[in-house]
$ cat work.txt   # compact mmCIF, C-alpha atoms and all ligand atoms
# COMPACT_ATOMS: atom_id res chain seq x y z
CA MET A 1 17.63 11.45 -40.33
CA PRO A 2 16.24 12.27 -43.77
CA ARG A 3 14.01 15.29 -44.10
CA ALA A 4 10.58 14.56 -45.55
CA SER A 5 11.58 16.39 -48.73
CA ASP A 6 14.40 13.89 -49.27
CA VAL A 7 11.98 11.01 -49.49
CA ASP A 8 9.16 12.65 -51.42
CA ILE A 9 9.58 10.77 -54.66
CA HIS A 10 10.14 7.34 -53.18
CA PRO A 11 8.40 7.62 -49.85
CA GLY A 12 9.81 5.39 -47.17
CA GLN A 13 12.96 4.59 -49.10
CA ARG A 14 16.06 4.16 -47.00
CA PRO A 15 19.58 3.79 -48.33
CA ASP A 16 19.72 0.14 -47.26
CA GLU A 17 16.47 -0.81 -48.98
CA GLU A 18 15.69 -1.70 -52.53
CA PRO A 19 14.82 1.60 -54.21
CA SER A 20 11.25 2.91 -54.39
CA LEU A 21 9.46 -0.25 -53.38
CA ALA A 22 8.56 0.46 -49.78
CA VAL A 23 5.49 2.36 -50.89
CA ARG A 24 4.22 0.88 -54.09
CA ASN A 25 1.69 2.55 -56.26
CA ASN A 26 0.99 0.56 -59.33
CA GLY A 27 1.18 -3.11 -58.60
CA GLY A 28 4.91 -3.25 -57.88
CA VAL A 29 6.27 -6.11 -55.84
CA PRO A 30 7.13 -5.73 -52.18
CA PRO A 31 10.80 -5.40 -51.26
CA SER A 32 12.57 -8.73 -51.36
CA THR A 33 13.75 -8.11 -47.80
CA ALA A 34 10.16 -7.99 -46.47
CA PRO A 35 8.63 -11.17 -45.08
CA ALA A 36 6.48 -13.23 -47.46
CA PRO A 37 3.03 -11.57 -47.68
CA SER A 38 1.29 -14.62 -46.25
CA ARG A 39 3.45 -14.61 -43.12
CA ARG A 40 3.99 -10.96 -42.33
CA ARG A 41 1.82 -9.11 -39.81
CA GLU A 42 -0.34 -6.64 -41.66
CA ALA A 43 -2.67 -3.78 -40.73
CA LEU A 44 -5.05 -1.31 -42.32
CA LEU A 45 -4.40 2.37 -41.61
CA VAL A 46 -7.20 4.90 -42.07
CA LEU A 47 -5.21 8.04 -42.89
CA SER A 48 -7.10 11.31 -42.66
CA PHE A 49 -6.90 15.07 -42.42
CA GLY A 50 -7.51 15.50 -38.69
CA GLY A 51 -9.44 18.25 -36.99
CA PRO A 52 -9.63 20.20 -33.73
CA GLU A 53 -11.26 18.68 -30.64
CA GLY A 54 -12.00 21.94 -28.83
CA PRO A 55 -11.73 25.75 -29.05
CA GLY A 56 -8.08 25.81 -27.94
CA ASP A 57 -7.10 23.43 -30.74
CA VAL A 58 -8.49 25.54 -33.57
CA MET A 59 -5.62 27.96 -34.25
CA PRO A 60 -2.79 25.41 -33.71
CA PHE A 61 -4.65 23.05 -36.06
CA LEU A 62 -5.04 25.75 -38.72
CA GLU A 63 -1.38 26.59 -38.39
CA ASN A 64 -0.52 22.92 -38.99
CA VAL A 65 -2.72 22.85 -42.08
CA THR A 66 -1.45 26.02 -43.67
CA ARG A 67 2.23 26.10 -42.67
CA GLY A 68 4.20 27.39 -45.65
CA ARG A 69 1.11 27.53 -47.85
CA GLY A 70 0.70 31.29 -48.19
CA ILE A 71 -2.88 31.35 -46.88
CA PRO A 72 -3.84 34.91 -45.86
CA ARG A 73 -4.37 35.58 -42.15
CA GLU A 74 -7.94 36.83 -42.82
CA ARG A 75 -8.85 33.51 -44.40
CA LEU A 76 -7.52 31.63 -41.37
CA GLU A 77 -9.52 33.84 -39.02
CA ALA A 78 -12.67 33.29 -41.09
CA VAL A 79 -12.19 29.51 -41.10
CA ALA A 80 -11.47 29.57 -37.34
CA GLU A 81 -14.90 31.16 -36.90
CA HIS A 82 -16.47 28.26 -38.81
CA TYR A 83 -14.91 25.81 -36.35
CA HIS A 84 -15.90 27.96 -33.34
CA HIS A 85 -19.46 27.90 -34.62
CA PHE A 86 -19.37 24.17 -33.81
CA GLY A 87 -17.70 24.59 -30.41
CA GLY A 88 -14.20 24.30 -31.89
CA VAL A 89 -14.82 20.64 -32.67
CA SER A 90 -14.47 19.29 -36.19
CA PRO A 91 -16.98 16.56 -37.00
CA ILE A 92 -14.31 14.73 -39.00
CA ASN A 93 -12.84 12.87 -35.99
CA ASP A 94 -16.11 11.23 -34.93
CA GLN A 95 -16.79 10.41 -38.56
CA ASN A 96 -13.44 8.66 -38.88
CA LYS A 97 -14.07 6.75 -35.65
CA ALA A 98 -17.44 5.62 -37.00
CA LEU A 99 -15.88 4.56 -40.32
CA ILE A 100 -13.18 2.60 -38.52
CA ALA A 101 -15.74 0.83 -36.30
CA ALA A 102 -17.79 -0.07 -39.39
CA VAL A 103 -14.73 -1.32 -41.29
CA GLU A 104 -13.62 -3.42 -38.29
CA LYS A 105 -17.04 -5.03 -38.24
CA GLU A 106 -16.99 -5.55 -42.00
CA LEU A 107 -13.56 -7.22 -41.86
CA ALA A 108 -14.53 -9.42 -38.91
CA GLY A 109 -17.72 -10.44 -40.72
CA ALA A 110 -15.65 -11.51 -43.72
CA GLY A 111 -13.24 -13.48 -41.54
CA ILE A 112 -10.36 -11.06 -42.20
CA ASP A 113 -8.18 -10.84 -39.13
CA LEU A 114 -6.47 -7.49 -39.59
CA PRO A 115 -6.14 -4.65 -37.06
CA VAL A 116 -7.31 -1.20 -38.14
CA TYR A 117 -5.36 1.89 -37.05
CA TRP A 118 -6.07 5.61 -37.39
CA GLY A 119 -3.66 8.44 -38.12
CA ASN A 120 -3.97 12.06 -39.27
CA ARG A 121 -1.86 14.63 -41.05
CA ASN A 122 -2.85 17.73 -39.10
CA TRP A 123 -4.04 16.68 -35.65
CA ALA A 124 -3.87 13.91 -33.08
CA PRO A 125 -3.71 11.01 -33.48
CA TYR A 126 -0.80 12.07 -35.70
CA VAL A 127 0.28 9.53 -38.28
CA GLU A 128 3.85 9.66 -36.91
CA ASP A 129 2.60 8.42 -33.52
CA THR A 130 0.41 5.77 -35.13
CA TRP A 131 3.43 4.51 -37.08
CA GLN A 132 5.36 4.13 -33.82
CA GLN A 133 2.39 2.28 -32.31
CA MET A 134 2.14 -0.08 -35.27
CA ALA A 135 5.89 -0.78 -35.08
CA ASP A 136 5.57 -1.46 -31.32
CA ASP A 137 2.69 -3.82 -32.04
CA GLY A 138 4.87 -5.80 -34.43
CA ILE A 139 3.08 -4.72 -37.61
CA GLU A 140 5.30 -5.31 -40.64
CA HIS A 141 3.19 -4.03 -43.51
CA VAL A 142 0.44 -1.41 -43.72
CA TYR A 143 -2.31 -0.86 -46.29
CA VAL A 144 -3.15 2.83 -46.28
CA PHE A 145 -6.73 3.92 -46.89
CA ALA A 146 -6.85 7.71 -47.32
CA THR A 147 -10.11 9.55 -46.66
CA SER A 148 -9.94 11.11 -50.11
CA ALA A 149 -11.13 9.44 -53.31
CA TYR A 150 -9.32 11.52 -55.95
CA ALA A 151 -5.96 12.48 -57.44
CA SER A 152 -4.26 15.83 -56.62
CA ALA A 153 -1.58 17.10 -54.30
CA SER A 154 -4.16 17.57 -51.53
CA GLY A 155 -6.09 14.35 -52.05
CA CYS A 156 -3.30 11.93 -52.93
CA ARG A 157 0.29 13.17 -52.94
CA GLN A 158 0.14 14.62 -49.43
CA TYR A 159 -1.06 11.26 -48.09
CA HIS A 160 1.97 9.58 -49.69
CA GLU A 161 4.12 12.25 -48.06
CA ASP A 162 2.49 11.67 -44.68
CA VAL A 163 3.50 8.01 -44.84
CA ALA A 164 7.02 8.91 -45.98
CA ARG A 165 7.36 11.41 -43.13
CA ALA A 166 6.10 8.94 -40.55
CA ARG A 167 8.59 6.33 -41.75
CA ALA A 168 11.40 8.89 -41.89
CA VAL A 169 10.73 9.98 -38.29
CA LEU A 170 10.87 6.37 -37.17
CA GLY A 171 13.78 5.47 -39.45
CA GLY A 172 11.57 2.84 -41.04
CA GLY A 173 8.92 0.81 -39.27
CA PRO A 174 6.33 -1.13 -41.24
CA THR A 175 6.45 -0.99 -45.03
CA ALA A 176 3.36 0.55 -46.64
CA GLU A 177 1.27 0.77 -49.76
CA LYS A 178 -1.51 3.24 -50.40
CA LEU A 179 -4.77 1.75 -51.64
CA PRO A 180 -5.85 3.22 -54.99
CA HIS A 181 -8.15 6.17 -55.51
CA TYR A 182 -11.70 4.94 -55.24
CA PHE A 183 -13.82 7.56 -57.00
CA ASP A 184 -15.00 4.82 -59.37
CA ALA A 185 -15.34 2.00 -56.84
CA PRO A 186 -18.90 0.70 -57.23
CA GLY A 187 -19.56 0.95 -53.47
CA PHE A 188 -18.48 4.60 -53.34
CA VAL A 189 -20.71 5.40 -56.30
CA ARG A 190 -23.61 3.43 -54.77
CA ALA A 191 -23.35 5.30 -51.46
CA ASN A 192 -23.41 8.69 -53.20
CA ALA A 193 -26.22 7.61 -55.53
CA ASP A 194 -28.45 6.46 -52.66
CA ALA A 195 -27.84 9.80 -50.94
CA LEU A 196 -28.61 11.77 -54.09
CA ALA A 197 -31.83 9.83 -54.67
CA ALA A 198 -32.89 10.47 -51.06
CA ALA A 199 -32.12 14.20 -51.35
CA ILE A 200 -34.16 14.50 -54.56
CA ALA A 201 -37.04 12.65 -52.91
CA GLY A 202 -36.91 15.12 -50.01
CA LEU A 203 -37.75 18.13 -52.18
CA PRO A 204 -41.33 19.38 -52.53
CA GLU A 205 -43.16 17.41 -55.19
CA ASP A 206 -43.71 20.32 -57.56
CA VAL A 207 -39.95 20.98 -58.01
CA ARG A 208 -38.55 17.47 -57.50
CA ASP A 209 -38.42 16.39 -61.13
CA ASP A 210 -36.91 19.60 -62.48
CA ALA A 211 -34.46 20.40 -59.70
CA ARG A 212 -30.98 21.08 -60.99
CA LEU A 213 -28.41 18.51 -59.81
CA VAL A 214 -25.13 20.11 -58.73
CA ALA A 215 -22.03 18.10 -57.78
CA THR A 216 -19.49 19.90 -55.58
CA ALA A 217 -15.85 19.36 -54.68
CA HIS A 218 -13.12 21.35 -52.96
CA SER A 219 -11.64 23.94 -55.28
CA ILE A 220 -7.89 23.67 -55.80
CA PRO A 221 -5.41 26.11 -57.38
CA HIS A 222 -5.09 25.90 -61.19
CA ALA A 223 -1.42 25.01 -60.72
CA MET A 224 -2.41 22.01 -58.57
CA ALA A 225 -5.10 20.88 -61.03
CA ALA A 226 -2.64 21.07 -63.93
CA VAL A 227 -0.35 18.44 -62.36
CA ALA A 228 -2.98 16.13 -60.85
CA GLY A 229 -2.45 12.57 -62.08
CA PRO A 230 0.11 11.32 -64.60
CA GLU A 231 -1.20 13.48 -67.45
CA GLY A 232 -2.53 16.37 -65.37
CA HIS A 233 -6.12 17.47 -64.67
CA ALA A 234 -7.01 14.06 -63.21
CA TYR A 235 -8.83 15.76 -60.31
CA GLU A 236 -11.47 17.33 -62.57
CA ALA A 237 -11.60 14.23 -64.80
CA GLU A 238 -12.14 11.83 -61.89
CA LEU A 239 -14.76 14.12 -60.32
CA THR A 240 -16.62 14.38 -63.61
CA ALA A 241 -16.57 10.59 -63.96
CA ALA A 242 -17.73 10.04 -60.38
CA ALA A 243 -20.54 12.63 -60.61
CA GLN A 244 -21.69 11.10 -63.91
CA ALA A 245 -21.72 7.59 -62.43
CA VAL A 246 -23.69 8.82 -59.41
CA VAL A 247 -26.29 10.56 -61.59
CA ASP A 248 -26.49 7.52 -63.91
CA ALA A 249 -27.38 5.40 -60.89
CA ALA A 250 -29.67 7.82 -59.03
CA ALA A 251 -31.36 9.87 -61.75
CA PRO A 252 -30.49 8.41 -65.15
CA GLY A 253 -30.51 10.88 -68.03
CA ARG A 254 -30.71 14.00 -65.88
CA PRO A 255 -28.15 16.72 -66.55
CA PHE A 256 -25.82 17.84 -63.77
CA ASP A 257 -23.17 20.48 -63.16
CA LEU A 258 -19.83 20.11 -61.36
CA VAL A 259 -18.80 23.21 -59.41
CA TRP A 260 -16.34 24.11 -56.66
CA GLN A 261 -16.48 25.13 -53.03
CA SER A 262 -14.31 26.17 -50.08
CA ARG A 263 -11.82 28.20 -52.09
CA SER A 264 -8.83 29.39 -50.08
CA GLY A 265 -5.54 31.15 -50.87
CA PRO A 266 -4.88 34.75 -51.87
CA PRO A 267 -7.30 36.24 -54.46
CA SER A 268 -4.38 36.76 -56.87
CA VAL A 269 -3.94 32.97 -57.25
CA PRO A 270 -6.47 31.37 -59.64
CA TRP A 271 -8.48 28.40 -58.29
CA LEU A 272 -11.06 26.21 -60.03
CA GLU A 273 -14.34 28.04 -60.69
CA PRO A 274 -17.27 28.61 -60.61
CA ASP A 275 -17.83 28.75 -56.89
CA VAL A 276 -21.02 26.99 -55.83
CA ASN A 277 -22.62 30.23 -54.58
CA ASP A 278 -21.96 32.04 -57.87
CA HIS A 279 -23.35 29.02 -59.68
CA LEU A 280 -26.57 29.16 -57.65
CA ARG A 281 -26.94 32.82 -58.62
CA ALA A 282 -26.49 31.93 -62.29
CA LEU A 283 -29.06 29.13 -62.02
CA ALA A 284 -31.61 31.42 -60.39
CA ALA A 285 -31.01 33.99 -63.12
CA GLU A 286 -31.75 31.26 -65.70
CA GLY A 287 -35.08 30.65 -63.99
CA GLU A 288 -34.30 27.45 -62.07
CA ARG A 289 -36.52 26.86 -59.04
CA ALA A 290 -34.70 24.14 -57.10
CA VAL A 291 -31.24 22.63 -56.60
CA VAL A 292 -29.87 19.41 -55.16
CA LEU A 293 -26.23 19.65 -54.10
CA PHE A 294 -24.24 16.42 -53.88
CA PRO A 295 -20.71 16.83 -52.47
CA VAL A 296 -19.18 13.86 -54.29
CA GLY A 297 -15.71 15.38 -53.79
CA PHE A 298 -15.78 14.50 -50.07
CA VAL A 299 -15.99 11.27 -48.14
CA SER A 300 -17.78 12.45 -44.98
CA ASP A 301 -19.95 15.35 -43.81
CA HIS A 302 -17.04 17.27 -42.31
CA LEU A 303 -16.76 21.00 -41.75
CA GLU A 304 -16.44 21.98 -45.42
CA VAL A 305 -19.76 20.25 -46.06
CA ILE A 306 -21.75 21.35 -43.03
CA TRP A 307 -20.51 24.94 -43.05
CA ASP A 308 -19.87 25.79 -46.69
CA LEU A 309 -22.94 23.93 -48.01
CA ASP A 310 -25.51 23.52 -45.22
CA ASN A 311 -24.87 27.02 -44.00
CA GLU A 312 -23.50 29.29 -46.75
CA ALA A 313 -24.85 27.69 -49.91
CA ARG A 314 -28.23 27.03 -48.29
CA GLN A 315 -28.47 30.69 -47.33
CA THR A 316 -27.54 31.75 -50.86
CA ALA A 317 -30.28 29.50 -52.22
CA GLU A 318 -32.80 30.92 -49.75
CA GLU A 319 -31.97 34.47 -50.75
CA LEU A 320 -32.48 33.49 -54.38
CA GLY A 321 -35.77 31.71 -53.69
CA LEU A 322 -34.35 28.36 -54.77
CA ALA A 323 -35.62 25.21 -53.04
CA PHE A 324 -32.52 23.48 -51.65
CA ALA A 325 -31.49 19.95 -50.71
CA ARG A 326 -28.03 18.59 -49.90
CA ALA A 327 -27.17 14.93 -50.37
CA ALA A 328 -25.13 13.10 -47.72
CA THR A 329 -21.55 11.98 -48.37
CA ALA A 330 -20.49 8.31 -48.37
CA GLY A 331 -19.85 8.33 -44.58
CA THR A 332 -20.55 4.85 -43.23
CA HIS A 333 -22.95 3.72 -45.95
CA PRO A 334 -22.67 -0.10 -46.01
CA ALA A 335 -21.75 -0.10 -49.70
CA PHE A 336 -18.87 2.28 -49.01
CA VAL A 337 -17.68 0.23 -46.04
CA ALA A 338 -17.77 -2.86 -48.27
CA ALA A 339 -15.76 -0.92 -50.88
CA VAL A 340 -13.01 -0.37 -48.31
CA ARG A 341 -12.86 -4.13 -47.77
CA ASP A 342 -12.85 -4.73 -51.54
CA LEU A 343 -9.93 -2.36 -52.07
CA LEU A 344 -8.02 -4.02 -49.25
CA GLU A 345 -8.72 -7.59 -50.37
CA GLU A 346 -7.76 -6.76 -53.90
CA ARG A 347 -4.39 -5.41 -52.81
CA ARG A 348 -3.79 -8.33 -50.46
CA ALA A 349 -4.43 -10.68 -53.37
CA GLY A 350 -1.68 -8.86 -55.30
CA GLY A 351 -1.59 -7.91 -58.95
CA GLN A 352 -3.03 -4.86 -60.65
CA PRO A 353 -5.95 -3.13 -58.98
CA ARG A 354 -9.35 -3.85 -60.48
CA LEU A 355 -10.95 -0.87 -58.84
CA GLY A 356 -9.87 2.72 -59.02
CA THR A 357 -6.52 4.03 -60.08
CA ASN A 358 -3.48 5.28 -58.33
CA CYS A 359 -0.87 7.90 -59.03
CA PRO A 360 2.62 6.86 -60.03
CA ALA A 361 5.33 7.86 -57.57
CA ALA A 362 6.21 11.09 -59.33
CA CYS A 363 2.91 12.83 -60.05
CA CYS A 364 0.71 15.40 -58.34
CA PHE A 365 3.70 17.41 -57.15
CA VAL A 366 3.01 21.09 -57.02
CA ALA A 367 5.37 24.00 -56.49
CA ARG A 368 4.74 25.47 -53.05
CA PRO A 369 5.60 28.93 -51.89
CA ARG A 370 8.73 28.83 -49.75
CA ARG A 371 8.27 28.87 -46.02
CA SER A 372 9.20 32.28 -44.72
C1 LIG B 1 -8.84 18.76 -52.44
C2 LIG B 1 -9.08 19.03 -50.98
C3 LIG B 1 -9.77 18.23 -50.08
C4 LIG B 1 -10.46 16.91 -50.38
C5 LIG B 1 -9.48 15.77 -50.26
C6 LIG B 1 -9.17 15.36 -48.82
O1 LIG B 1 -10.11 15.15 -48.05
O2 LIG B 1 -7.98 15.26 -48.47
C7 LIG B 1 -9.71 18.87 -48.80
C8 LIG B 1 -10.28 18.34 -47.62
C9 LIG B 1 -10.29 18.95 -46.37
N1 LIG B 1 -9.86 20.20 -46.05
C10 LIG B 1 -10.06 20.42 -44.71
C11 LIG B 1 -9.70 21.58 -44.01
C12 LIG B 1 -8.92 22.62 -44.53
N2 LIG B 1 -8.40 22.73 -45.80
C13 LIG B 1 -7.67 23.91 -45.92
C14 LIG B 1 -6.97 24.35 -47.03
C15 LIG B 1 -6.93 23.73 -48.30
N3 LIG B 1 -7.65 22.60 -48.71
C16 LIG B 1 -7.32 22.30 -50.01
C17 LIG B 1 -7.84 21.22 -50.76
C18 LIG B 1 -8.59 20.17 -50.24
N4 LIG B 1 -9.01 20.03 -48.93
C19 LIG B 1 -6.36 23.26 -50.46
C20 LIG B 1 -5.71 23.27 -51.82
C21 LIG B 1 -6.13 24.15 -49.40
C22 LIG B 1 -5.17 25.33 -49.37
C23 LIG B 1 -3.93 24.98 -48.60
C24 LIG B 1 -3.09 23.93 -49.31
O3 LIG B 1 -2.55 24.22 -50.39
O4 LIG B 1 -3.00 22.82 -48.80
C25 LIG B 1 -7.73 24.56 -44.65
C26 LIG B 1 -7.04 25.87 -44.30
C27 LIG B 1 -8.02 26.97 -44.21
C28 LIG B 1 -8.58 27.29 -45.57
O5 LIG B 1 -7.83 27.91 -46.31
O6 LIG B 1 -9.68 26.86 -45.87
C29 LIG B 1 -8.53 23.77 -43.79
C30 LIG B 1 -8.91 24.06 -42.36
C31 LIG B 1 -10.66 19.24 -44.13
C32 LIG B 1 -11.06 19.06 -42.65
C33 LIG B 1 -12.47 19.50 -42.44
C34 LIG B 1 -12.91 19.33 -41.01
O7 LIG B 1 -12.20 19.72 -40.08
O8 LIG B 1 -14.02 18.79 -40.81
C35 LIG B 1 -10.80 18.35 -45.16
C36 LIG B 1 -11.37 16.95 -45.08
FE FE B 2 -8.85 21.44 -47.44
$ encode --input "work.txt" --output "structure tokens"
Amino acid sequence: MPRASDVDIHPGQRPDEEPSLAVRNNGGVPPSTAPAPSRRREALLVLSFGGPEGPGDVMPFLENVTRGRGIPRERLEAVAEHYHHFGGVSPINDQNKALIAAVEKELAGAGIDLPVYWGNRNWAPYVEDTWQQMADDGIEHVYVFATSAYASASGCRQYHEDVARARAVLGGGPTAEKLPHYFDAPGFVRANADALAAAIAGLPEDVRDDARLVATAHSIPHAMAAVAGPEGHAYEAELTAAAQAVVDAAAPGRPFDLVWQSRSGPPSVPWLEPDVNDHLRALAAEGERAVVLFPVGFVSDHLEVIWDLDNEARQTAEELGLAFARAATAGTHPAFVAAVRDLLEERRAGGQPRLGTNCPAACCFVARPRRS
């Protein structure tokens, strides 16, 4: 059985298959051995991060997430506390269930008869088990929708690897293709823009028009940012483009900043900066009176959003005397749900994607510390 690392570059490839086509990235053709697209049984897989379902799950989950990643023990214990603050339950699982229910309804409404499955990288339902289920159900080809809109090892490459691992464990199973990044899909932008407009409107009238707009995304190590996308630095570039499109739609002409949150890793390793809390301090020092945070880097209001922003950043703002509002993420906004259908329909129709982009098979790889 191949190890996951043997199939990294051409996920899902087996010696008896045509090379590199089982997971296609940029409009390649399906393997000639696969059934004709019109006849094969297809499914949509919502592939996500996963999260604990109770206090006893928290540490095993964190160990899954950080295995071999060199994350200091103190950081893990701090993050465990964040989960325990919410009863050891990550909100991400219910959010994925809600997204799947909305997508099922959207597909049914459009007359698209396609089952929707759910699998995660770090917690049950594990993608390996979902792959087995899909194979048992006779599914022959899977469109993979990842709950991340951007390039990078964390947001794109690891999802390719999850699929490759699931297929390696099963020795095959359905063929798969990952739907493109969707940071620029009009429905994703619309969902974030509606949320930003609502957050601005929620501020007291005297600060509403001058409030500083601040986009946030998960910080990543410099080394990961440098290799994101075919030419590198696609993570920052895509985030800048998405934040700009959201502001253009919600508050045309207003300036905005893009800053980073949820930094992890040892302090000796450089990650993208400034941190959102430091940025709030700088804004207060410049005399700003109000901020609106919009976490365009995330797809749902999961733990990073409700702890690191609604709790930590809000408290920082309070201490600084800044009025504070936080915009919702795309979640199950109807425009975002419709965007999922668009991305799927576009891939089912074949040809080059209209929306979004995707990473070629060999990008976003990042050197990892060796497991010890
Ligand atoms: C870019 C990015 C996204 C957005 C793209 C995407 O969504 O995929 C994202 C999402 C998420 N990150 C999440 C949780 C965690 N991320 C961690 C650690 C890390 N994240 C990183 C990056 C990202 N992370 C990185 C470079 C690390 C260091 C370890 C490594 O090099 O991989 C850790 C370990 C503890 C810590 O160090 O913080 C946890 C618990 C959850 C679930 C939240 C919930 O349960 O509601 C979600 C959606
Ligand atoms: Fe993360």
$ residues_near_ligand --input "work.txt" --ligand "ligand FE 2 (chain B)" --cutoff "10 Å" --atoms "all atoms listed in the file" --output "number ranges by chain"
A: 49, 65-66, 154-155, 218-220, 262-264, 303-304
$ residues_around --input "work.txt" --residues "A:Leu239" --least-positions-apart "4" --cutoff "8 Å" --atoms "only C-alpha atoms" --output "JSON, numbers by chain"
{"A": [150, 183, 217, 235, 243, 258, 296, 297]}
$ write_last_selection --input "work.txt" --atoms "C-alpha atoms" --output "mmCIF file, in the frame of the given file"
data_model
loop_
_atom_site.group_PDB
_atom_site.id
_atom_site.type_symbol
_atom_site.label_atom_id
_atom_site.label_comp_id
_atom_site.auth_asym_id
_atom_site.auth_seq_id
_atom_site.Cartn_x
_atom_site.Cartn_y
_atom_site.Cartn_z
ATOM 1 C CA TYR A 150 -9.320 11.520 -55.950
ATOM 2 C CA PHE A 183 -13.820 7.560 -57.000
ATOM 3 C CA ALA A 217 -15.850 19.360 -54.680
ATOM 4 C CA TYR A 235 -8.830 15.760 -60.310
ATOM 5 C CA ALA A 243 -20.540 12.630 -60.610
ATOM 6 C CA LEU A 258 -19.830 20.110 -61.360
ATOM 7 C CA VAL A 296 -19.180 13.860 -54.290
ATOM 8 C CA GLY A 297 -15.710 15.380 -53.790
#
$ atom_distance --input "work.txt" --atom1 "atom CA of A:Gly111" --atom2 "atom CA of A:Asp194"
27.4 Å
$ residues_around --input "work.txt" --residues "A:Trp123" --least-positions-apart "2" --cutoff "6 Å" --atoms "only C-alpha atoms" --output "list in words"
Gly50, Gly51, Asn120 and Tyr126 of chain A
$ residues_around --input "work.txt" --residues "A:Leu179" --least-positions-apart "2" --cutoff "7 Å" --atoms "all atoms listed in the file" --output "compact mmCIF listing (two decimals) with C-alpha atoms, in the coordinates of the input"
# COMPACT_ATOMS: atom_id res chain seq x y z
CA TYR A 143 -2.31 -0.86 -46.29
CA VAL A 144 -3.15 2.83 -46.28
CA PHE A 145 -6.73 3.92 -46.89
CA GLU A 177 1.27 0.77 -49.76
CA HIS A 181 -8.15 6.17 -55.51
CA LEU A 343 -9.93 -2.36 -52.07
$ residues_around --input "work.txt" --residues "A:Ala193" --least-positions-apart "5" --cutoff "8 Å" --atoms "only C-alpha atoms" --output "list in words"
Val246, Val247, Ala249 and Ala250 of chain A
$ residues_near_point --input "work.txt" --point "(-8.6, 21.2, -58.7)" --cutoff "10 Å" --atoms "only C-alpha atoms" --output "PyMOL selection string"
chain A and resi 151-155+217-228+233-237+239+260+271-273
$ residues_near_point --input "work.txt" --point "(-28.8, 20.5, -49.6)" --cutoff "12 Å" --atoms "all atoms listed in the file" --output "PyMOL selection string"
chain A and resi 195-196+198-203+211-216+276+290-295+301+305-318+322-329
$ write_last_selection --input "work.txt" --atoms "C-alpha atoms" --output "short mmCIF file (atom, residue, chain, number, x, y, z; two decimals), keeping the file's coordinate frame"
data_model
loop_
_atom_site.label_atom_id
_atom_site.label_comp_id
_atom_site.auth_asym_id
_atom_site.auth_seq_id
_atom_site.Cartn_x
_atom_site.Cartn_y
_atom_site.Cartn_z
CA ALA A 195 -27.84 9.80 -50.94
CA LEU A 196 -28.61 11.77 -54.09
CA ALA A 198 -32.89 10.47 -51.06
CA ALA A 199 -32.12 14.20 -51.35
CA ILE A 200 -34.16 14.50 -54.56
CA ALA A 201 -37.04 12.65 -52.91
CA GLY A 202 -36.91 15.12 -50.01
CA LEU A 203 -37.75 18.13 -52.18
CA ALA A 211 -34.46 20.40 -59.70
CA ARG A 212 -30.98 21.08 -60.99
CA LEU A 213 -28.41 18.51 -59.81
CA VAL A 214 -25.13 20.11 -58.73
CA ALA A 215 -22.03 18.10 -57.78
CA THR A 216 -19.49 19.90 -55.58
CA VAL A 276 -21.02 26.99 -55.83
CA ALA A 290 -34.70 24.14 -57.10
CA VAL A 291 -31.24 22.63 -56.60
CA VAL A 292 -29.87 19.41 -55.16
CA LEU A 293 -26.23 19.65 -54.10
CA PHE A 294 -24.24 16.42 -53.88
CA PRO A 295 -20.71 16.83 -52.47
CA ASP A 301 -19.95 15.35 -43.81
CA VAL A 305 -19.76 20.25 -46.06
CA ILE A 306 -21.75 21.35 -43.03
CA TRP A 307 -20.51 24.94 -43.05
CA ASP A 308 -19.87 25.79 -46.69
CA LEU A 309 -22.94 23.93 -48.01
CA ASP A 310 -25.51 23.52 -45.22
CA ASN A 311 -24.87 27.02 -44.00
CA GLU A 312 -23.50 29.29 -46.75
CA ALA A 313 -24.85 27.69 -49.91
CA ARG A 314 -28.23 27.03 -48.29
CA GLN A 315 -28.47 30.69 -47.33
CA THR A 316 -27.54 31.75 -50.86
CA ALA A 317 -30.28 29.50 -52.22
CA GLU A 318 -32.80 30.92 -49.75
CA LEU A 322 -34.35 28.36 -54.77
CA ALA A 323 -35.62 25.21 -53.04
CA PHE A 324 -32.52 23.48 -51.65
CA ALA A 325 -31.49 19.95 -50.71
CA ARG A 326 -28.03 18.59 -49.90
CA ALA A 327 -27.17 14.93 -50.37
CA ALA A 328 -25.13 13.10 -47.72
CA THR A 329 -21.55 11.98 -48.37
#
$ atom_distance --input "work.txt" --atom1 "atom CA of A:Gln261" --atom2 "atom CA of A:Pro125"
27.3 Å
$ atom_distance --input "work.txt" --atom1 "atom CA of A:His160" --atom2 "atom CA of A:Val366"
13.7 Å
$ closest_residue --input "work.txt" --among "A:Ile112, A:Leu45, A:Val58, A:Ala339" --to "ligand LIG 1 (chain B)" --atoms "all atoms listed in the file"
A:Val58
$ closest_residue --input "work.txt" --among "A:Ser148, A:Asn93, A:Gln133, A:Asn122" --to "ligand LIG 1 (chain B)" --atoms "only C-alpha atoms and all ligand atoms"
A:Ser148
$ closest_residue --input "work.txt" --among "A:Glu42, A:Asp162, A:Asp278, A:Glu128" --to "ligand LIG 1 (chain B)" --atoms "all atoms listed in the file"
A:Asp162
$ closest_residue --input "work.txt" --among "A:Arg121, A:Arg75, A:His141, A:His85" --to "ligand LIG 1 (chain B)" --atoms "all atoms listed in the file"
A:Arg75
$ residues_around --input "work.txt" --residues "A:Trp131" --least-positions-apart "2" --cutoff "8 Å" --atoms "all atoms listed in the file" --output "PyMOL selection string"
chain A and resi 127-129+133-135+166-167+170+173-174
$ closest_residue --input "work.txt" --among "A:Arg39, A:Ser48, A:Ala251, A:Glu346" --to "A:Gln95" --atoms "all atoms listed in the file"
A:Ser48
